[in-house]
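Asks: Below: one structure in C-alpha cells.
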Amino acid sequence: MSEGTENQRDSVSGRSGAESAGSPIIALRDVHLTLTSNAGPVDILKGIDLDVDAGSALGLIGPSGSGKSTLLMVMAGLETVSGGAVTVAGHDLTKMDEDDLARFRSGNVGIVFQSFHLIPTMTALENVAVPLEFMGDANPFAKAREHLDRVGLSHRLEHYPGQLSGGEQQRVAIARALSAGAKLILADEPTGNLDQATGAQIIDLLFDLQRDANVTLVLVTHEPALAERCNVVAAMKDGRIDDLRASAGMAPELSDILSDAKRH
Ligand SMILES: Nc1ncnc2c1ncn2[C@@H]1O[C@H](COP(=O)(O)OP(=O)(O)O)[C@@H](O)[C@H]1O
Ligand SMILES: [Mg+2]
C-alpha cells in the first residue's frame, strides 16, 4: 500500500499528519461487491474506502439493506470482493484462498453475530475449548477457562447453551473469539436478540475489551447512541459510505480533520 499518496484517506481514518504513525488494521480501497441474482447482477458494495486504526472502535450504521453486514463479511474474509483492495491485519485478503482465509480468521478475527452460533451439545467450556484444540493449542481447556472468566462466566462453565441466557451465550461467543487470539472483533448487531439491560452489558464488555485489551472493534448497530460510543462512525447508504465522522466524544481536532476529508 502506498502510504505517501493516501493523505486524504489517512485523514479519514482519524490519524493525524501525513506520515501515518501505524498502519490501520483494516484498509479498504475502492471495494466493490457484485452478486448475481436471477434478475441479473446486483451491486451491493459500490466503492468503499475505509481505514480502521488498530485499537479503535468503528460504528457502522445505516438503513437495512445498505450493505453493513456485507461489509463486515468482507472484513472477515467471508465474502470475496469483485474489485478493490482489502487488507486486514497485514494480510491482503484478495490474494488468499479458502484455506488461507480460514486460518487467517481463526487467529485474527472474532465474529460476533446476532445469533450466537454456539454448538448446542457442548458446554460453555467446550464451545470455547474445542476450537482451540482444533487449532493445535497445547492447553485448550485452561485457556478457555481463562477467557470465560474474563467475560464473567466462570460460574457457568458446565452449562449447555440451552441453559444459558441470551446474554450469557453472547459472552461465550465473545470468549471464543478472544481465546483464539482475535485482535479484531466484528460485531453485527450483537444485541439484536437481547433485552436492553443485557444488551447494554454486552456492549460494555465489547468496549472494555477495546479499551483495555487493545482489541479493535467494528460494531454494526441500528442505534445511533451506541455508534456514538465508537471513535469513528461510518454511515452506509445504498452500498456506499455516505458519511464518516468522529463521534461526538472525540477531540475537536479530529472532528475537523474528518469534516475536511469529507469535503474532498
Ligand atoms: N447473497 C445475496 N444475493 C443477493 N443479494 C444479496 C445477498 N446478500 C445480501 N444481498 C443484498 O445486499 C444488500 C445489502 O445487504 P446487507 O449487507 O445484509 O445489508 P444490511 O446489513 O445493511 O442490512 C441488500 O440489498 C441485500 O438484499
Ligand atoms: Mg445486516
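Labels used: A, B, ... for chains in the order of the C-alpha cells, numbers from 1 for residues in each chain, and numbers from 1 for ligands as shown.
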I want to know what sits within 12 Å of stretch 133-146 of chain A, based on only C-alpha atoms, with residues of the same chain fewer than 2 positions away left out; could you give that as a ChimeraX atom specification?
Replies: /A:102-107,123-131,148-158,172-181
Asks: Could you give me, as an NGL selection string, every polymer residue with an atom at most 10 Å away from an atom of ligand 1, counting only C-alpha atoms and all ligand atoms?
Replies: :A and (33-45 or 60-74 or 79 or 188-189 or 220-222 or 235-239)
Asks: Of the candidates A:Arg171, A:Arg229, A:His32, A:Lys183, which one gets nearest to A:Gln201 if we count only C-alpha atoms?
Replies: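 Under the stated criterion, the closest residue is A:Arg171.
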Asks: So that I can check the surroundings of A:Pro190, please list as a list in words every protein, DNA and RNA residue that reaches within 8 Å of it, counting only C-alpha atoms and ignoring chain neighbours fewer than 3 positions away.
Replies: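 Here the answer would be Val112, Phe113, Gln114, Ser115, Gln170, Ala187, Asn193, Gly199, Ile202, Val220 and Thr221 of chain A.
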Asks: Got a sec to tell me which of stretch 47-161 of chain A DSSP assigns to strand (DSSP E or B), as a list of chain:residue names?
Replies: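 Across stretch 47-161 of chain A, those assigned strand (DSSP E or B) are A:Gly47, A:Ile48, A:Asp49, A:Leu50, A:Asp51, A:Val52, A:Ala57, A:Leu58, A:Gly59, A:Leu60, A:Ile61, A:Gly83, A:Gly84, A:Ala85, A:Val86, A:Thr87, A:Val88, A:His91, A:Asp92, A:Val109, A:Gly110, A:Ile111, A:Val112.
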Asks: From a DSSP pass on the backbone, collect the residues of stretch 66-223 of chain A flagged as helix (DSSP H, G or I) and hand them back as a ChimeraX atom specification.
Replies: /A:68-75,93-95,98-108,124-134,140-150,154-156,161-163,166-179,196-212
Asks: Expressed in Å to a single decimal, how great is the separation between atom CA of A:Leu28 and atom CA of A:Lys95?
Replies: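 So the answer is 14.0 Å.
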Asks: For A:Ala85, work out the shell of residues within 10 Å, counting only C-alpha atoms and skipping chain neighbours fewer than 3 positions away, then give it as a list in words.
Replies: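 Contacts, in chain order: Met1, Ala27, Leu28, Arg29, Asp30, Val31, His32, Ile48, Asp49, Val81, Ser82, Val88, Asp92, Leu93, Thr94 and Lys95 of chain A.
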Asks: Pick the closest to A:Gly90 from A:Gly110, A:Asp51, A:Leu58, A:Ile25: which is it, counting only C-alpha atoms?
Replies: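 Ranked by minimum distance to A:Gly90, first place goes to A:Ile25.
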Asks: What is the atom CA of A:Thr198-atom CA of A:Gln169 distance in Å, reported with one decimal?
Replies: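 If I compute the distance from atom CA of A:Thr198 to atom CA of A:Gln169, I get 11.0 Å.
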